[in-house]
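Okay, my_file07.txt now, which holds compact mmCIF, C-alpha atoms:
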# COMPACT_ATOMS: atom_id res chain seq x y z
CA MET T 1 -73.17 -6.13 -12.86
CA LEU T 2 -70.42 -7.72 -14.94
CA VAL T 3 -71.24 -9.46 -18.22
CA LYS T 4 -70.20 -12.86 -16.82
CA GLU T 5 -72.33 -12.35 -13.71
CA ALA T 6 -75.38 -11.38 -15.77
CA LEU T 7 -74.94 -14.44 -17.94
CA VAL T 8 -74.73 -16.79 -14.96
CA LYS T 9 -77.89 -15.33 -13.44
CA ALA T 10 -79.78 -15.34 -16.74
CA THR T 11 -78.78 -18.93 -17.51
CA ARG T 12 -80.11 -20.02 -14.14
CA LEU T 13 -83.42 -18.22 -14.72
CA ILE T 14 -84.16 -19.76 -18.12
CA LYS T 15 -82.73 -23.25 -17.62
CA ASP T 16 -86.19 -24.77 -17.07
CA ILE T 17 -87.65 -23.52 -20.35
CA SER T 18 -84.64 -23.84 -22.66
CA ASP T 19 -82.46 -26.72 -23.83
CA ILE T 20 -79.63 -24.27 -24.44
CA PRO T 21 -79.97 -21.72 -21.62
CA ASN T 22 -76.38 -20.45 -21.74
CA LYS T 23 -76.55 -19.86 -25.49
CA GLU T 24 -79.92 -18.12 -25.25
CA ALA T 25 -78.64 -15.95 -22.40
CA ARG T 26 -75.75 -14.82 -24.63
CA ILE T 27 -78.02 -14.23 -27.64
CA LEU T 28 -80.35 -12.08 -25.57
CA LEU T 29 -77.47 -10.14 -24.03
CA ALA T 30 -75.96 -9.51 -27.47
CA SER T 31 -79.35 -8.29 -28.71
CA TYR T 32 -79.83 -6.05 -25.66
CA LEU T 33 -76.35 -4.53 -25.93
CA LYS T 34 -76.44 -4.44 -29.74
CA LYS T 35 -73.14 -6.32 -29.82
CA ASP T 36 -72.06 -9.53 -31.54
CA GLN T 37 -71.32 -12.84 -29.84
CA ILE T 38 -67.55 -12.33 -30.05
CA TRP T 39 -67.86 -9.09 -28.04
CA ILE T 40 -69.87 -10.90 -25.35
CA ILE T 41 -67.25 -13.65 -25.09
CA THR T 42 -64.27 -11.29 -25.01
CA HIS T 43 -65.75 -8.70 -22.62
CA ASP T 44 -66.97 -10.87 -19.76
CA ASP T 45 -65.46 -8.45 -17.22
CA GLU T 46 -67.27 -5.46 -18.75
CA GLU T 47 -69.78 -3.76 -16.46
CA ILE T 48 -73.29 -3.32 -17.85
CA LYS T 49 -76.63 -1.87 -16.79
CA GLU T 50 -78.51 -5.11 -16.44
CA GLU T 51 -82.10 -3.98 -15.78
CA GLY T 52 -83.19 -3.92 -19.42
CA TYR T 53 -81.47 -7.25 -20.04
CA PHE T 54 -83.42 -9.00 -17.33
CA GLU T 55 -86.64 -7.59 -18.75
CA LEU T 56 -85.82 -9.62 -21.87
CA ILE T 57 -84.98 -12.65 -19.73
CA LYS T 58 -88.39 -12.32 -18.02
CA ARG T 59 -90.09 -12.46 -21.42
CA ARG T 60 -88.17 -15.66 -22.20
CA VAL T 61 -89.08 -17.15 -18.81
CA ASP T 62 -92.71 -16.51 -19.79
CA ASN T 63 -92.08 -18.73 -22.86
CA GLU T 64 -92.05 -15.95 -25.44
CA PRO T 65 -89.97 -17.26 -28.38
CA ILE T 66 -86.47 -15.81 -28.48
CA GLU T 67 -86.99 -14.84 -32.14
CA TYR T 68 -89.75 -12.39 -31.17
CA ILE T 69 -87.67 -10.97 -28.33
CA THR T 70 -84.70 -10.31 -30.62
CA ASN T 71 -86.81 -9.65 -33.75
CA SER T 72 -84.50 -11.97 -35.65
CA ALA T 73 -84.73 -15.48 -37.11
CA SER T 74 -82.44 -17.56 -39.27
CA PHE T 75 -83.63 -19.25 -42.46
CA TYR T 76 -81.53 -20.83 -45.17
CA GLY T 77 -78.44 -19.31 -43.53
CA GLU T 78 -79.85 -15.80 -43.80
CA SER T 79 -81.16 -13.45 -41.10
CA PHE T 80 -84.77 -12.23 -41.27
CA TYR T 81 -86.76 -9.74 -39.25
CA VAL T 82 -89.73 -11.29 -37.42
CA ASP T 83 -92.34 -10.08 -34.96
CA SER T 84 -95.57 -11.47 -33.56
CA ASN T 85 -97.45 -10.66 -36.79
CA VAL T 86 -95.72 -13.54 -38.59
CA LEU T 87 -94.77 -17.15 -37.98
CA ILE T 88 -91.23 -17.91 -36.92
CA PRO T 89 -89.40 -19.69 -39.80
CA ARG T 90 -88.86 -23.42 -39.31
CA PRO T 91 -85.88 -25.34 -40.73
CA GLU T 92 -88.19 -27.85 -42.47
CA THR T 93 -89.56 -25.08 -44.69
CA GLU T 94 -86.13 -24.95 -46.33
CA ILE T 95 -87.03 -28.32 -47.89
CA LEU T 96 -90.07 -26.70 -49.53
CA VAL T 97 -87.83 -23.98 -50.99
CA ASP T 98 -85.42 -26.61 -52.32
CA LEU T 99 -88.32 -28.47 -53.92
CA VAL T 100 -89.55 -25.39 -55.76
CA VAL T 101 -86.05 -24.51 -56.94
CA SER T 102 -85.58 -28.04 -58.28
CA THR T 103 -88.99 -27.92 -59.97
CA CYS T 104 -88.14 -24.66 -61.73
CA LYS T 105 -84.98 -26.04 -63.34
CA GLY T 106 -85.47 -25.96 -67.07
CA ILE T 107 -88.08 -23.18 -66.90
CA LYS T 108 -86.44 -20.09 -68.37
CA THR T 109 -88.56 -17.50 -66.53
CA PRO T 110 -90.67 -19.30 -63.93
CA ILE T 111 -93.75 -17.50 -62.66
CA ILE T 112 -94.24 -18.33 -58.97
CA VAL T 113 -97.11 -17.32 -56.69
CA GLU T 114 -96.93 -17.84 -52.93
CA ILE T 115 -100.07 -17.94 -50.79
CA GLY T 116 -99.56 -16.83 -47.18
CA THR T 117 -96.11 -15.28 -47.49
CA GLY T 118 -95.92 -14.18 -43.83
CA SER T 119 -92.40 -12.89 -43.18
CA GLY T 120 -91.60 -13.41 -46.87
CA ILE T 121 -88.93 -16.04 -46.32
CA ILE T 122 -90.06 -18.41 -49.08
CA SER T 123 -90.54 -15.78 -51.79
CA ILE T 124 -87.35 -13.95 -50.83
CA MET T 125 -85.21 -17.09 -50.91
CA LEU T 126 -86.76 -18.07 -54.24
CA ALA T 127 -85.91 -14.63 -55.60
CA LEU T 128 -82.31 -15.05 -54.44
CA LEU T 129 -81.97 -18.63 -55.75
CA LEU T 130 -83.90 -18.11 -59.01
CA PRO T 131 -82.72 -14.74 -60.36
CA LYS T 132 -84.97 -14.90 -63.45
CA ALA T 133 -88.16 -15.87 -61.62
CA ILE T 134 -91.25 -13.65 -61.53
CA ILE T 135 -92.64 -13.85 -58.00
CA LYS T 136 -95.93 -12.73 -56.49
CA ALA T 137 -96.33 -13.03 -52.72
CA VAL T 138 -99.86 -12.97 -51.28
CA ASP T 139 -101.05 -12.59 -47.70
CA ILE T 140 -104.36 -11.73 -46.03
CA SER T 141 -102.56 -9.74 -43.31
CA GLN T 142 -101.40 -6.19 -43.97
CA GLU T 143 -99.11 -6.45 -40.94
CA ALA T 144 -97.48 -9.60 -42.30
CA LEU T 145 -96.93 -7.96 -45.68
CA HIS T 146 -95.22 -5.05 -43.92
CA VAL T 147 -92.75 -7.51 -42.36
CA ALA T 148 -92.24 -9.29 -45.70
CA LYS T 149 -91.48 -5.98 -47.43
CA LEU T 150 -88.93 -5.09 -44.75
CA ASN T 151 -87.20 -8.41 -45.35
CA ALA T 152 -87.31 -8.03 -49.12
CA LYS T 153 -85.67 -4.62 -48.79
CA LYS T 154 -83.05 -6.05 -46.42
CA HIS T 155 -82.15 -8.78 -48.92
CA ARG T 156 -82.33 -6.41 -51.90
CA VAL T 157 -85.11 -8.20 -53.81
CA SER T 158 -87.91 -5.64 -53.41
CA ASP T 159 -87.95 -5.08 -57.16
CA ARG T 160 -88.26 -8.82 -57.80
CA ILE T 161 -91.37 -9.56 -55.74
CA GLU T 162 -94.89 -8.16 -56.05
CA PHE T 163 -96.60 -8.21 -52.65
CA ILE T 164 -100.38 -8.51 -52.79
CA LEU T 165 -102.94 -8.09 -49.99
CA SER T 166 -105.47 -10.83 -50.66
CA ASP T 167 -107.53 -13.64 -49.18
CA LEU T 168 -106.01 -16.57 -51.07
CA LEU T 169 -105.92 -15.50 -54.73
CA ASN T 170 -109.02 -13.27 -54.73
CA SER T 171 -106.98 -10.14 -55.55
CA CYS T 172 -104.35 -11.88 -57.66
CA ASP T 173 -105.11 -11.87 -61.39
CA GLU T 174 -102.17 -14.04 -62.43
CA LYS T 175 -103.24 -17.03 -64.54
CA ASN T 176 -101.33 -19.95 -66.06
CA PHE T 177 -98.38 -19.58 -63.71
CA ASP T 178 -95.80 -22.28 -63.23
CA VAL T 179 -95.73 -22.88 -59.47
CA LEU T 180 -98.15 -22.20 -56.65
CA VAL T 181 -96.34 -22.60 -53.33
CA SER T 182 -97.63 -22.31 -49.79
CA ASN T 183 -96.88 -23.07 -46.17
CA PRO T 184 -100.50 -22.53 -45.13
CA PRO T 185 -102.28 -22.80 -41.77
CA TYR T 186 -102.93 -26.51 -41.21
CA ILE T 187 -103.62 -26.96 -37.48
CA ALA T 188 -107.18 -27.97 -36.50
CA ASN T 189 -109.10 -25.17 -34.78
CA ASN T 190 -109.57 -27.10 -31.53
CA GLU T 191 -106.03 -28.48 -31.29
CA PRO T 192 -104.21 -27.27 -28.16
CA LEU T 193 -101.00 -25.38 -28.82
CA HIS T 194 -97.62 -25.63 -27.15
CA VAL T 195 -97.20 -22.58 -24.91
CA GLY T 196 -94.56 -21.10 -27.24
CA LEU T 197 -96.90 -21.32 -30.24
CA SER T 198 -99.47 -19.24 -28.37
CA TYR T 199 -97.35 -16.17 -29.16
CA GLU T 200 -97.60 -16.78 -32.91
CA PRO T 201 -100.49 -15.39 -35.01
CA SER T 202 -103.51 -17.69 -34.95
CA LEU T 203 -104.38 -16.57 -38.49
CA ALA T 204 -101.24 -18.34 -39.70
CA LEU T 205 -101.74 -21.48 -37.60
CA TYR T 206 -105.35 -22.63 -37.76
CA GLY T 207 -106.54 -24.19 -41.01
CA GLY T 208 -110.17 -24.94 -40.15
CA LYS T 209 -112.26 -27.37 -38.12
CA GLU T 210 -110.30 -30.38 -39.42
CA GLY T 211 -107.09 -28.47 -40.12
CA GLY T 212 -106.87 -29.17 -43.84
CA GLU T 213 -109.61 -26.93 -45.17
CA ILE T 214 -107.29 -24.16 -46.39
CA LEU T 215 -105.00 -26.76 -47.99
CA GLU T 216 -108.00 -28.09 -49.90
CA LYS T 217 -108.97 -24.58 -51.03
CA ILE T 218 -105.41 -24.03 -52.29
CA TYR T 219 -105.52 -27.34 -54.17
CA ASN T 220 -108.81 -26.36 -55.84
CA LEU T 221 -107.39 -22.95 -56.76
CA ALA T 222 -104.36 -24.60 -58.35
CA LYS T 223 -106.65 -26.71 -60.53
CA ALA T 224 -108.88 -23.75 -61.44
CA ARG T 225 -105.95 -21.48 -62.34
CA LYS T 226 -104.29 -24.21 -64.43
CA VAL T 227 -101.11 -24.15 -62.40
CA SER T 228 -98.35 -26.47 -63.59
CA PHE T 229 -97.11 -27.40 -60.09
CA LEU T 230 -98.47 -27.07 -56.57
CA ALA T 231 -96.01 -27.37 -53.66
CA CYS T 232 -97.23 -27.17 -50.06
CA GLU T 233 -96.15 -27.88 -46.54
CA ILE T 234 -98.56 -30.00 -44.47
CA GLY T 235 -99.08 -31.30 -40.95
CA TYR T 236 -97.37 -34.56 -40.05
CA ASP T 237 -100.73 -36.41 -40.09
CA GLN T 238 -102.27 -34.99 -43.30
CA LYS T 239 -100.74 -37.23 -45.98
CA GLU T 240 -103.84 -39.41 -46.27
CA TYR T 241 -106.10 -36.35 -46.37
CA ILE T 242 -104.14 -34.80 -49.25
CA SER T 243 -103.91 -38.14 -51.07
CA THR T 244 -107.71 -38.40 -50.96
CA ILE T 245 -108.56 -34.92 -52.20
CA ALA T 246 -105.85 -34.98 -54.89
CA SER T 247 -106.68 -38.45 -56.21
CA PRO T 248 -105.95 -39.58 -58.92
CA LEU T 249 -103.04 -37.11 -59.40
CA LYS T 250 -100.77 -38.98 -56.95
CA PRO T 251 -99.01 -36.22 -55.02
CA LYS T 252 -95.33 -36.80 -54.30
CA PHE T 253 -94.71 -36.42 -50.58
CA TYR T 254 -91.52 -35.57 -48.75
CA LYS T 255 -90.42 -35.96 -45.15
CA ASP T 256 -88.70 -33.57 -42.76
CA LEU T 257 -85.50 -34.26 -40.84
CA ALA T 258 -87.50 -35.99 -38.09
CA ASN T 259 -88.89 -38.38 -40.73
CA HIS T 260 -92.41 -36.92 -40.48
CA ASP T 261 -94.51 -36.32 -43.60
CA ARG T 262 -94.06 -32.60 -44.13
CA GLY T 263 -95.16 -31.61 -47.64
CA PHE T 264 -96.00 -32.54 -51.19
CA ILE T 265 -95.80 -31.49 -54.81
CA ILE T 266 -98.39 -32.13 -57.49
CA ASN T 267 -97.69 -32.03 -61.21
CA PHE T 268 -100.84 -30.91 -63.04
CA LYS T 269 -99.28 -31.07 -66.50
Mind turning the file's structure into structure tokens?
Amino acid sequence: MLVKEALVKATRLIKDISDIPNKEARILLASYLKKDQIWIITHDDEEIKEEGYFELIKRRVDNEPIEYITNSASFYGESFYVDSNVLIPRPETEILVDLVVSTCKGIKTPIIVEIGTGSGIISIMLALLLPKAIIKAVDISQEALHVAKLNAKKHRVSDRIEFILSDLLNSCDEKNFDVLVSNPPYIANNEPLHVGLSYEPSLALYGGKEGGEILEKIYNLAKARKVSFLACEIGYDQKEYISTIASPLKPKFYKDLANHDRGFIINFK
């Protein structure tokens, strides 16, 4: 089958589950052939063995996220390895990174601890954007830490980040650090998931019966460890919940690009 014929067929197969079926068809073909997009565009009359390609298309038809199929996700303009052991990076988490970077201005050597590092995107970007920062990245999942270490090596910051296997901060001895940052699980245990989310690790999605229990634990840890700043991502409907548990500290909330409440920062100083 020719490249252009494979793309037409693949686009038709995934058009009902994708808003950009032609683009996804090209991304998956490039991944399958281990070629870049320019090659795909300029070699549309090239003959290929299409069987393996349509195995990938079948996975997409079954609603598996394209990032897991290609083992690649974009964050902050950089490429990261992902698999089903970690959450797929979301663009709104870039706002959380920006917030921490802004908060660390004026701190000569900021000490930053991340709870629930997953693929490592937050800690790695902070290492790249804050060259003098001391960063500790914590996760309860050994598999997630493996992915994070792969990404740290890829972006040449392995020597800048200490990865720690721990439930919250139980195995992290750091005290009096500047920033505690987290994009924790915050979905209620009984909340139904979109079919695509069902491929992502439940450990990184569900935050308890009400959804905010882990957020509350992180807030209490920040107080107990005498952290200067706590920055977290939250669910779109959790602003009131956080305002209540953090009263009277008056968290500063921020919105995502869809104008939903998406996170907060608390100054404990």
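Note that CA of Val86 in chain T and CA of Gly118 in chain T are 5.3 Å apart.
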I'd like the box whose edges run along x, y and z of the file and which contains every listed atom of range 85-95 of chain T, padded by 6 Å per side; could you state its centre and edge lengths in Å, one decimal, as AutoDock Vina command-line options?
--center_x -91.7 --center_y -19.5 --center_z -42.3 --size_x 23.6 --size_y 29.7 --size_z 23.1
Problem - Selection: 6 Å around range 160-177 of chain T, all atoms listed in the file, excl. self and same-chain fewer than 4 positions, as a ChimeraX atom specification - result: /T:111,135-140,225-227
Exercise for the section: Find the spatial neighbours of range 60-65 of chain T, counting all atoms listed in the file, within a cut-off of 12 Å - ignore same-chain residues fewer than 4 positions away - and output them as number ranges by chain. Expected result: T: 10-18, 21, 24-25, 27-28, 53-56, 69-73, 82-84, 87-89, 194-200
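From CA of Asp98 in chain T back to CA of Gly120 in chain T, the distance works out to 15.6 Å.
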Exercise for the section: Choose the residue, out of T:Val113, T:Ala30, T:Leu150, T:Leu257, that has the smallest atom-to-atom separation from Ile218 in chain T; count all atoms listed in the file. Expected result: T:Val113
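The coordinates place CA of Arg59 in chain T at 22.3 Å from CA of Glu143 in chain T.
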What lies within 10 Å of Met125 in chain T using all atoms listed in the file, ignoring chain neighbours under 2 positions off, as an mmCIF file with C-alpha atoms, keeping the file's coordinate frame?
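The resulting file, out.cif, is reproduced below:
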data_model
loop_
_atom_site.group_PDB
_atom_site.id
_atom_site.type_symbol
_atom_site.label_atom_id
_atom_site.label_comp_id
_atom_site.auth_asym_id
_atom_site.auth_seq_id
_atom_site.Cartn_x
_atom_site.Cartn_y
_atom_site.Cartn_z
ATOM 1 C CA PHE T 75 -83.630 -19.250 -42.460
ATOM 2 C CA TYR T 76 -81.530 -20.830 -45.170
ATOM 3 C CA GLU T 78 -79.850 -15.800 -43.800
ATOM 4 C CA GLU T 94 -86.130 -24.950 -46.330
ATOM 5 C CA VAL T 97 -87.830 -23.980 -50.990
ATOM 6 C CA ASP T 98 -85.420 -26.610 -52.320
ATOM 7 C CA VAL T 101 -86.050 -24.510 -56.940
ATOM 8 C CA GLY T 120 -91.600 -13.410 -46.870
ATOM 9 C CA ILE T 121 -88.930 -16.040 -46.320
ATOM 10 C CA ILE T 122 -90.060 -18.410 -49.080
ATOM 11 C CA SER T 123 -90.540 -15.780 -51.790
ATOM 12 C CA ALA T 127 -85.910 -14.630 -55.600
ATOM 13 C CA LEU T 128 -82.310 -15.050 -54.440
ATOM 14 C CA LEU T 129 -81.970 -18.630 -55.750
ATOM 15 C CA LEU T 130 -83.900 -18.110 -59.010
ATOM 16 C CA ALA T 152 -87.310 -8.030 -49.120
ATOM 17 C CA HIS T 155 -82.150 -8.780 -48.920
ATOM 18 C CA VAL T 157 -85.110 -8.200 -53.810
#
Fill in the blank from the handout: With distances taken over all atoms listed in the file, the candidate from T:Ile41, T:Ser141, T:Ile57, T:Leu126 nearest Leu96 in chain T is T:Leu126
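Closest to Gly52 in chain T among T:Gln142, T:Ala6, T:Ile124, T:Leu203 is T:Ala6, based on all atoms listed in the file.
The residue that comes closest to Glu92 in chain T, out of T:Lys269, T:Arg26, T:Lys35, T:His260 and on the basis of all atoms listed in the file, is T:His260.
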